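Visitor: Provided herewith: structure19.cif, mmCIF, C-alpha atoms.
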data_coords
loop_
_atom_site.label_atom_id
_atom_site.label_comp_id
_atom_site.auth_asym_id
_atom_site.auth_seq_id
_atom_site.Cartn_x
_atom_site.Cartn_y
_atom_site.Cartn_z
CA MET A 544 77.54 113.25 126.90
CA LYS A 545 75.62 112.44 130.04
CA PHE A 546 77.60 112.00 133.25
CA LEU A 547 77.12 108.75 135.16
CA ASP A 548 79.38 107.70 138.01
CA GLN A 549 77.66 104.51 139.25
CA ALA A 550 76.47 101.44 137.39
CA LYS A 551 75.49 97.87 138.24
CA ILE A 552 76.44 95.15 135.75
CA TYR A 553 76.40 91.36 135.46
CA CYS A 554 79.55 89.50 134.41
CA ARG A 555 80.11 85.84 133.60
CA SER A 556 83.31 84.21 132.41
CA GLY A 557 83.16 81.39 129.87
CA ASP A 558 83.01 77.69 130.67
CA GLY A 559 85.90 75.49 129.69
CA GLY A 560 85.50 73.25 126.66
CA ASP A 561 84.76 69.54 127.14
CA GLY A 562 87.30 66.78 126.69
CA VAL A 563 86.32 64.00 124.30
CA VAL A 564 86.60 60.24 124.03
CA ALA A 565 88.19 59.27 120.73
CA PHE A 566 90.42 56.49 119.36
CA ARG A 567 92.90 56.53 116.55
CA ARG A 568 91.38 54.88 113.48
CA GLU A 569 93.83 54.28 110.64
CA LYS A 570 94.22 51.51 108.11
CA TYR A 571 96.77 48.88 109.09
CA LEU A 572 96.83 50.20 112.68
CA GLU A 573 94.99 47.63 114.72
CA PHE A 574 95.77 49.17 118.08
CA GLY A 575 95.60 52.92 117.50
CA GLY A 576 94.94 53.87 121.10
CA PRO A 577 93.09 56.83 122.63
CA ASP A 578 93.63 60.24 121.09
CA GLY A 579 90.78 62.40 122.50
CA GLY A 580 91.96 65.98 123.01
CA ASP A 581 91.38 68.34 125.93
CA GLY A 582 88.89 71.21 125.92
CA GLY A 583 89.96 74.84 125.52
CA ARG A 584 89.97 77.50 128.24
CA GLY A 585 86.89 79.69 128.58
CA GLY A 586 87.10 83.44 128.13
CA SER A 587 87.87 85.66 131.11
CA ILE A 588 86.33 89.01 132.12
CA ILE A 589 89.06 91.65 132.20
CA PHE A 590 88.73 95.31 133.19
CA VAL A 591 91.20 97.91 131.99
CA ALA A 592 91.42 101.64 132.79
CA VAL A 593 91.72 103.96 129.78
CA GLU A 594 92.31 107.70 129.62
CA ASN A 595 89.79 108.69 126.97
CA LEU A 596 86.71 107.94 129.09
CA ASN A 597 85.24 110.08 131.86
CA THR A 598 81.80 108.59 132.50
CA LEU A 599 80.11 105.21 132.98
CA ILE A 600 77.18 106.09 130.72
CA ASP A 601 77.91 103.13 128.39
CA PHE A 602 76.96 100.72 131.17
CA ARG A 603 73.45 102.13 131.37
CA TYR A 604 72.66 100.55 128.00
CA THR A 605 74.87 97.43 128.19
CA GLN A 606 74.60 95.72 131.55
CA HIS A 607 75.37 92.06 130.81
CA PHE A 608 78.81 90.80 129.81
CA ARG A 609 79.36 87.13 129.03
CA ALA A 610 82.59 85.58 127.81
CA PRO A 611 82.34 82.69 125.29
CA LYS A 612 82.85 79.02 126.10
CA GLY A 613 86.09 77.27 125.20
CA GLY A 614 86.10 74.89 122.23
CA ASN A 615 85.64 71.18 122.78
CA GLY A 616 88.51 68.79 122.20
CA ALA A 617 88.63 66.52 119.16
CA GLY A 618 90.26 63.34 117.93
CA SER A 619 93.88 63.16 116.82
CA ASP A 620 94.86 64.80 120.12
CA ARG A 621 93.43 68.16 119.05
CA THR A 622 92.88 70.59 121.89
CA GLY A 623 89.87 72.87 121.71
CA ALA A 624 90.41 76.54 120.94
CA ALA A 625 90.73 78.93 123.88
CA ALA A 626 87.91 81.46 123.91
CA LYS A 627 88.56 85.18 123.53
CA ASP A 628 88.57 87.25 126.69
CA VAL A 629 86.03 90.02 127.16
CA VAL A 630 87.94 93.25 127.85
CA ILE A 631 85.81 95.97 129.43
CA GLN A 632 87.19 99.51 129.25
CA VAL A 633 86.40 101.86 132.14
CA PRO A 634 87.54 105.41 133.01
CA VAL A 635 90.64 105.91 135.12
CA GLY A 636 89.56 106.09 138.76
CA THR A 637 86.87 103.40 138.54
CA GLN A 638 86.37 101.18 141.57
CA ILE A 639 84.85 97.70 141.26
CA LEU A 640 82.64 96.78 144.22
CA ASP A 641 80.87 93.57 145.12
CA ASP A 642 77.08 93.40 145.01
CA ASP A 643 76.96 94.60 148.64
CA ARG A 644 78.45 97.95 147.43
CA GLU A 645 80.98 97.83 150.26
CA THR A 646 83.56 95.14 149.42
CA LEU A 647 86.23 96.64 147.16
CA LEU A 648 87.35 94.16 144.50
CA ALA A 649 89.65 96.41 142.47
CA ASP A 650 90.67 100.05 142.16
CA LEU A 651 91.73 101.05 138.64
CA ASP A 652 93.40 104.32 139.57
CA LYS A 653 96.07 104.40 136.84
CA ALA A 654 95.81 104.41 133.06
CA GLY A 655 96.53 100.96 131.62
CA LYS A 656 95.90 99.13 134.90
CA ARG A 657 94.24 95.75 134.28
CA ILE A 658 92.46 93.27 136.51
CA VAL A 659 91.19 89.79 135.65
CA LEU A 660 87.97 89.91 137.61
CA LEU A 661 86.50 86.55 136.55
CA ARG A 662 88.76 83.82 135.22
CA GLY A 663 87.51 81.55 132.47
CA GLY A 664 86.97 77.89 133.29
CA ASP A 665 89.70 75.37 132.44
CA GLY A 666 89.09 72.86 129.69
CA GLY A 667 88.24 69.28 130.56
CA TYR A 668 90.60 66.37 129.88
CA GLY A 669 90.11 64.06 126.92
CA ASN A 670 90.62 60.31 127.21
CA ALA A 671 94.21 60.58 125.93
CA HIS A 672 95.03 62.21 129.26
CA PHE A 673 94.03 59.06 131.17
CA LYS A 674 96.07 56.58 129.14
CA THR A 675 98.39 54.45 131.29
CA SER A 676 100.36 51.28 130.88
CA THR A 677 97.56 49.30 132.51
CA ASN A 678 94.64 51.28 131.09
CA ARG A 679 95.36 51.25 127.37
CA ALA A 680 91.84 52.17 126.18
CA PRO A 681 90.26 54.61 128.68
CA ARG A 682 86.74 55.68 127.90
CA LYS A 683 86.75 58.57 130.31
CA ALA A 684 86.60 62.28 129.51
CA VAL A 685 85.97 65.32 131.72
CA LYS A 686 83.62 68.20 131.01
CA GLY A 687 85.04 71.71 131.12
CA TRP A 688 85.08 73.60 134.38
CA PRO A 689 82.32 76.22 134.71
CA GLY A 690 83.12 79.90 134.61
CA GLU A 691 82.45 82.41 137.37
CA GLU A 692 79.59 84.88 137.57
CA ARG A 693 78.65 87.81 139.79
CA TRP A 694 76.85 91.12 139.91
CA ILE A 695 79.17 94.04 140.55
CA TRP A 696 78.96 97.79 141.02
CA LEU A 697 81.20 100.22 139.17
CA ARG A 698 81.86 103.51 140.92
CA LEU A 699 83.82 106.29 139.28
CA LYS A 700 85.94 108.60 141.39
CA LEU A 701 87.42 111.26 139.17
CA ILE A 702 91.17 111.74 139.33
CA ALA A 703 91.76 115.35 140.41
CA ASP A 704 94.59 117.04 142.30
CA ALA A 705 92.41 119.63 144.03
CA GLY A 706 88.71 119.87 144.79
CA LEU A 707 86.29 122.79 145.09
CA VAL A 708 83.72 122.56 147.87
CA GLY A 709 81.19 124.99 149.26
CA LEU A 710 77.52 125.85 149.50
CA PRO A 711 75.47 126.34 146.33
CA ASN A 712 76.11 129.72 144.68
CA ALA A 713 79.47 130.11 146.40
CA GLY A 714 81.03 130.85 143.00
CA LYS A 715 82.74 127.51 142.39
CA SER A 716 81.74 127.20 138.74
CA THR A 717 82.75 130.80 138.04
CA PHE A 718 86.11 130.20 139.68
CA LEU A 719 86.67 127.04 137.61
CA SER A 720 85.80 128.83 134.38
CA ILE A 721 88.24 131.66 135.19
CA VAL A 722 91.26 129.49 136.07
CA SER A 723 90.81 126.76 133.43
CA ALA A 724 89.37 126.12 130.00
CA ALA A 725 86.34 124.34 131.49
CA ARG A 726 82.97 125.87 130.70
CA PRO A 727 80.52 124.80 133.40
CA LYS A 728 77.00 126.16 133.57
CA ILE A 729 76.86 129.43 135.51
CA ALA A 730 73.63 131.03 136.75
CA ASP A 731 72.28 133.03 139.69
CA TYR A 732 70.27 130.18 141.22
CA PRO A 733 71.35 127.22 143.41
CA PHE A 734 72.38 123.83 142.02
CA THR A 735 73.38 125.01 138.57
CA THR A 736 76.11 122.35 138.79
CA LEU A 737 74.40 118.96 138.70
CA HIS A 738 77.48 116.77 138.30
CA PRO A 739 81.24 117.18 138.84
CA GLN A 740 83.24 119.27 136.40
CA LEU A 741 86.98 119.00 135.75
CA GLY A 742 89.36 121.70 134.58
CA VAL A 743 93.12 121.77 134.02
CA VAL A 744 94.84 124.74 135.67
CA ARG A 745 98.10 125.70 133.95
CA LEU A 746 100.37 128.02 135.92
CA SER A 747 103.39 127.47 133.66
CA ASP A 748 104.82 124.94 131.23
CA THR A 749 105.85 122.71 134.14
CA GLN A 750 103.13 123.53 136.65
CA ASP A 751 99.62 122.26 136.03
CA PHE A 752 97.00 120.37 138.02
CA VAL A 753 93.42 119.14 137.70
CA LEU A 754 90.71 120.97 139.63
CA ALA A 755 87.32 119.37 140.33
CA ASP A 756 84.14 121.36 140.91
CA ILE A 757 81.66 119.43 143.08
CA PRO A 758 77.92 120.24 143.20
CA GLY A 759 77.10 122.43 146.19
CA LEU A 760 76.38 120.97 149.61
CA ILE A 761 73.60 122.10 151.90
CA GLU A 762 72.79 121.22 155.49
CA GLY A 763 71.56 117.64 155.63
CA ALA A 764 73.34 116.59 152.44
CA SER A 765 74.59 113.45 154.21
CA ASP A 766 70.92 112.50 154.71
CA GLY A 767 70.05 113.15 151.06
CA ALA A 768 69.05 116.83 151.19
CA GLY A 769 69.58 118.73 147.96
CA LEU A 770 71.76 116.65 145.65
CA GLY A 771 73.08 114.74 148.65
CA ASP A 772 76.75 113.95 149.18
CA ARG A 773 77.19 111.17 146.61
CA PHE A 774 79.49 113.35 144.50
CA LEU A 775 81.94 113.86 147.37
CA GLY A 776 83.58 110.59 146.37
CA HIS A 777 85.13 112.48 143.46
CA VAL A 778 87.31 114.54 145.81
CA GLU A 779 88.46 111.62 148.00
CA ARG A 780 91.65 111.34 145.93
CA CYS A 781 92.38 115.09 145.95
CA ALA A 782 95.50 116.36 147.68
CA VAL A 783 93.85 119.59 148.87
CA LEU A 784 90.38 121.13 149.14
CA LEU A 785 89.61 124.72 148.24
CA HIS A 786 86.65 125.77 150.37
CA LEU A 787 84.90 128.73 148.78
CA VAL A 788 82.65 130.75 151.10
CA ASP A 789 80.21 133.28 149.67
CA GLY A 790 81.25 136.48 151.42
CA ALA A 791 78.29 138.43 150.06
CA ALA A 792 75.78 136.03 151.66
CA GLY A 793 76.38 137.36 155.17
CA ASP A 794 76.83 134.60 157.76
CA VAL A 795 80.15 133.23 156.52
CA VAL A 796 80.95 131.33 159.72
CA ASN A 797 77.74 129.30 159.58
CA ALA A 798 78.28 128.63 155.86
CA TRP A 799 81.78 127.28 156.55
CA ARG A 800 80.59 125.14 159.47
CA THR A 801 77.72 123.68 157.42
CA VAL A 802 80.05 122.36 154.72
CA ARG A 803 82.60 121.11 157.25
CA GLY A 804 79.83 119.24 159.05
CA GLU A 805 78.76 117.51 155.85
CA LEU A 806 82.37 116.57 155.03
CA ASP A 807 82.71 115.05 158.51
CA ALA A 808 79.41 113.16 158.17
CA TYR A 809 80.46 111.74 154.79
CA GLY A 810 83.75 110.34 156.07
CA GLY A 811 86.35 109.07 153.63
CA GLY A 812 89.00 111.21 155.32
CA LEU A 813 87.74 114.40 153.64
CA VAL A 814 87.59 116.39 156.87
CA ASN A 815 91.27 115.63 157.47
CA LYS A 816 92.51 116.79 154.07
CA PRO A 817 94.45 120.05 153.79
CA GLU A 818 91.94 122.88 153.39
CA ILE A 819 92.44 126.33 151.93
CA ILE A 820 89.63 128.73 152.81
CA ALA A 821 88.79 131.59 150.47
CA LEU A 822 86.18 134.29 151.04
CA ASN A 823 84.76 134.77 147.57
CA LYS A 824 82.85 137.63 145.90
CA THR A 825 84.85 140.48 147.42
CA ASP A 826 83.63 142.57 144.48
CA ALA A 827 80.13 142.46 146.03
CA MET A 828 81.31 143.63 149.49
CA THR A 829 82.66 146.86 150.88
CA PRO A 830 86.25 146.72 152.19
CA ARG A 831 84.91 147.02 155.74
CA GLU A 832 82.50 144.10 155.29
CA ALA A 833 85.19 141.96 153.71
CA SER A 834 87.62 142.65 156.54
CA ALA A 835 85.08 141.96 159.29
CA ARG A 836 83.87 138.72 157.74
CA ARG A 837 87.41 137.58 157.09
CA VAL A 838 88.36 138.11 160.74
CA ALA A 839 85.26 136.25 161.94
CA LEU A 840 85.98 133.30 159.66
CA GLU A 841 89.64 133.16 160.70
CA ARG A 842 88.62 133.04 164.38
CA ALA A 843 86.11 130.25 163.74
CA SER A 844 88.37 128.13 161.53
CA GLY A 845 91.69 128.82 163.22
CA GLN A 846 93.48 129.33 159.92
CA LYS A 847 94.24 132.06 157.44
CA VAL A 848 91.46 133.09 155.06
CA ALA A 849 92.13 134.50 151.59
CA LEU A 850 90.04 137.21 149.95
CA ILE A 851 89.29 136.50 146.28
CA SER A 852 86.89 137.41 143.54
CA GLY A 853 86.26 135.04 140.66
CA VAL A 854 84.73 137.87 138.63
CA SER A 855 87.42 140.53 139.04
CA GLY A 856 90.33 138.12 139.50
CA GLN A 857 91.39 139.56 142.85
CA GLY A 858 93.53 137.09 144.80
CA VAL A 859 93.05 134.28 142.24
CA LYS A 860 96.73 134.05 141.30
CA GLU A 861 97.78 133.80 144.96
CA ILE A 862 95.21 131.11 145.76
CA LEU A 863 96.31 129.05 142.75
CA GLY A 864 99.90 129.28 143.97
CA ALA A 865 98.85 127.97 147.39
CA LEU A 866 96.97 125.10 145.76
CA TRP A 867 99.97 124.22 143.61
CA ASP A 868 102.25 124.06 146.67
CA LYS A 869 99.98 121.44 148.27
CA VAL A 870 99.61 119.50 145.02
CA ALA A 871 103.36 119.48 144.37
CA GLU A 872 104.00 118.27 147.91
CA ALA A 873 101.49 115.43 147.52
CA ARG A 874 103.00 114.41 144.16
CA ALA A 875 106.49 114.27 145.67
CA LEU A 876 105.25 112.05 148.48
CA ARG A 877 103.48 109.79 145.97
CA ARG A 878 106.61 109.45 143.84
CA ALA A 879 108.67 108.56 146.91
CA ALA A 880 106.11 105.94 147.94
CA ASP A 881 106.05 104.43 144.43
CA ALA A 882 109.86 104.28 144.34
CA LYS A 883 109.96 102.54 147.69
CA HIS A 884 107.28 100.07 146.55
CA GLU A 885 109.32 99.20 143.45
CA GLU A 886 112.45 98.64 145.57
CA ASP A 887 110.54 96.33 147.92
#
Could you quickly redo this structure as structure tokens?

Guide:
Amino acid sequence: MKFLDQAKIYCRSGDGGDGVVAFRREKYLEFGGPDGGDGGRGGSIIFVAVENLNTLIDFRYTQHFRAPKGGNGAGSDRTGAAAKDVVIQVPVGTQILDDDRETLLADLDKAGKRIVLLRGGDGGYGNAHFKTSTNRAPRKAVKGWPGEERWIWLRLKLIADAGLVGLPNAGKSTFLSIVSAARPKIADYPFTTLHPQLGVVRLSDTQDFVLADIPGLIEGASDGAGLGDRFLGHVERCAVLLHLVDGAAGDVVNAWRTVRGELDAYGGGLVNKPEIIALNKTDAMTPREASARRVALERASGQKVALISGVSGQGVKEILGALWDKVAEARALRRAADAKHEED
């Protein structure tokens, strides 16, 4: 299935049904009076987040969604039928943006979350509604209220607990394939990962988290170089970033600074997220090279740097434990915030 994380669609809710002018006509009833019914409500456009979707590819082929019109009223005080709502299913983590691509209309970040984006028009009144003691035979009816319409953008931000960032060929896909059941494409050339990949890391029966592999960044990604930085939105919700640096490439300090610069240029609070730095591919370095490059990177970053190898498995268990500590801390804070919100 092809991955698509942005889509533009047109939505229109249904018009309300029209009220009618009608009078009771029965034998031996000379003064039957007005009995025109009201129109029915038009269908609404409703979005709901579901767990079994992970791409917006369906919206590439279906881009227009229109809800039906409500039924018209009828004589004998019969109200028109309410139209069925159009329920649009989207992946968990989908944001609904206005046509300007900046105004956030809704954020469906939890499974089952629903939002009525466009409400169907109300039905118009029939002439029975206008009957009074002084106006016994009104010949007035109201048309249904029109529905709403707008163009919107859907943007998917994958729900992951931790995110992998780094330059191309830093070993992110290899690392993901080692620690999870994900099977991303792995090759010895840059940009083998063309779209985000997710994998579930299971440390024990009670300890598991979702890890996201983001396509590699290069200098100038914020200006569109390489694959650009559009996929960084998928790690905005992550609790921690694992920054893999290719130790065998040589200039590890410049590689780290390049990615940090692109995170800062992107914004979204990524540069302020907790970061765990790992010097990868120790199997391709001598112990002396690994030690020297580790010291240089620690001096530049001001934090501890782990030595790992996705191929041999060196240091992988320890780095996963560090990631889990950050994820567990973030989950505890989220649960406390949700509990406080429910109390309020």

Visitor: Atom CA of His672 of chain A and atom CA of Ala684 of chain A are how many Å apart?

Guide: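 Separation between atom CA of His672 of chain A and atom CA of Ala684 of chain A: 8.4 Å.
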
Visitor: Could you list, as a compact mmCIF listing (two decimals) with C-alpha atoms, in the coordinates of the input, every residue matched by the PyMOL selection byres ((chain A and resi 853) around 8) in this structure?

Guide:
# COMPACT_ATOMS: atom_id res chain seq x y z
CA GLY A 714 81.03 130.85 143.00
CA THR A 717 82.75 130.80 138.04
CA PHE A 718 86.11 130.20 139.68
CA ILE A 721 88.24 131.66 135.19
CA ASN A 823 84.76 134.77 147.57
CA LYS A 824 82.85 137.63 145.90
CA ILE A 851 89.29 136.50 146.28
CA SER A 852 86.89 137.41 143.54
CA VAL A 854 84.73 137.87 138.63
CA SER A 855 87.42 140.53 139.04
CA GLY A 856 90.33 138.12 139.50
CA GLN A 857 91.39 139.56 142.85
CA VAL A 859 93.05 134.28 142.24

Visitor: Given the file shown, enumerate the residues that the PyMOL selection byres ((chain A and resi 775) around 12) captures and present them as a ChimeraX atom specification.

Guide: /A:548,699-701,706-709,738-739,755-760,764-765,770-774,776-781,784,802,805-814

Visitor: Applying the PyMOL selection byres ((chain A and resi 836) around 10) to the file I just gave you, which residues come out? Please list them as a ChimeraX atom specification.

Guide: /A:790-791,793-796,822,828,831-835,837-842,848

Visitor: Report, in Å to a single decimal, how far apart atom CA of Trp694 of chain A and atom CA of Tyr604 of chain A are.

Guide: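 Straight-line distance from atom CA of Tyr604 of chain A to atom CA of Trp694 of chain A works out to 15.8 Å.
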
Visitor: What are the nearest atom pairs, with distances in Å to one decimal, for all residues of segment 682-745 of chain A that come at most 12 Å from segment 864-886 of chain A, using only C-alpha atoms, set out by chain and rising residue number as JSON lines?

Guide:
{"residue": "A:Ala703", "atom": "CA", "partner": "A:Val870", "partner_atom": "CA", "distance": 10.0}
{"residue": "A:Asp704", "atom": "CA", "partner": "A:Val870", "partner_atom": "CA", "distance": 6.2}
{"residue": "A:Ala705", "atom": "CA", "partner": "A:Val870", "partner_atom": "CA", "distance": 7.3}
{"residue": "A:Gly706", "atom": "CA", "partner": "A:Leu866", "partner_atom": "CA", "distance": 9.8}
{"residue": "A:Leu707", "atom": "CA", "partner": "A:Leu866", "partner_atom": "CA", "distance": 10.9}
{"residue": "A:Val722", "atom": "CA", "partner": "A:Gly864", "partner_atom": "CA", "distance": 11.7}
{"residue": "A:Val744", "atom": "CA", "partner": "A:Trp867", "partner_atom": "CA", "distance": 9.5}
{"residue": "A:Arg745", "atom": "CA", "partner": "A:Trp867", "partner_atom": "CA", "distance": 10.0}

Visitor: Tell me which of A:Val630, A:Ala680, A:Ala654, A:Leu719 sits closest to Pro577 of chain A, counting only C-alpha atoms.

Guide: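 Nearest candidate to Pro577 of chain A out of A:Val630, A:Ala680, A:Ala654, A:Leu719: A:Ala680.
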
Visitor: With all atoms listed in the file as the basis for distance, which of A:Glu691, A:Glu861, A:Asp751, A:Asp601 is at the shortest distance from Gly664 of chain A?

Guide: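 For Gly664 of chain A, the nearest of the given residues is A:Glu691.
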
Visitor: Can you tell me, as an NGL selection string, what residues are no more than 12 Å from Ile658 of chain A when counting only C-alpha atoms, ignoring any on the same chain fewer than 6 positions away?

Guide: :A and (587-592 or 629-633 or 637-639 or 648-652)

Visitor: Kindly provide, as a PyMOL selection string, the polymer residues lying within 12 Å of (91.0, 77.0, 121.4), counting only C-alpha atoms and using the coordinates exactly as they appear in the file.

Guide: chain A and resi 559-561+580-586+611-617+621-628+665-666

Visitor: Which one is closest to Lys551 of chain A: A:Val743, A:Ala610, A:Ile600, A:Leu863? Count only C-alpha atoms.

Guide: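 Nearest candidate to Lys551 of chain A out of A:Val743, A:Ala610, A:Ile600, A:Leu863: A:Ile600.
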
Visitor: Separation of atom CA of Gly804 of chain A and atom CA of Ile862 of chain A, in Å?

Guide: 23.5 Å

Visitor: Which of these, A:Arg644, A:Gly576, A:Trp696, A:Ser619, has the shortest distance to Phe602 of chain A once you count all atoms listed in the file?

Guide: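 Of A:Arg644, A:Gly576, A:Trp696, A:Ser619, the one nearest Phe602 of chain A, counting all atoms listed in the file, is A:Trp696.
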
Visitor: Could you put an axis-aligned box around every listed atom of segment 665-671 of chain A, padded by 5 Å on each side, and send me its centre and edge lengths in Å to one decimal, as AutoDock Vina command-line options?

Guide:
--center_x 91.2 --center_y 67.8 --center_z 129.2 --size_x 16.0 --size_y 25.1 --size_z 16.5

Visitor: Nearest to Gly742 of chain A: which of A:Ile702, A:Leu710, A:Gln846, A:Thr675 is it, counting all atoms listed in the file?

Guide: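 That would be A:Ile702, the residue with the smallest distance to Gly742 of chain A.
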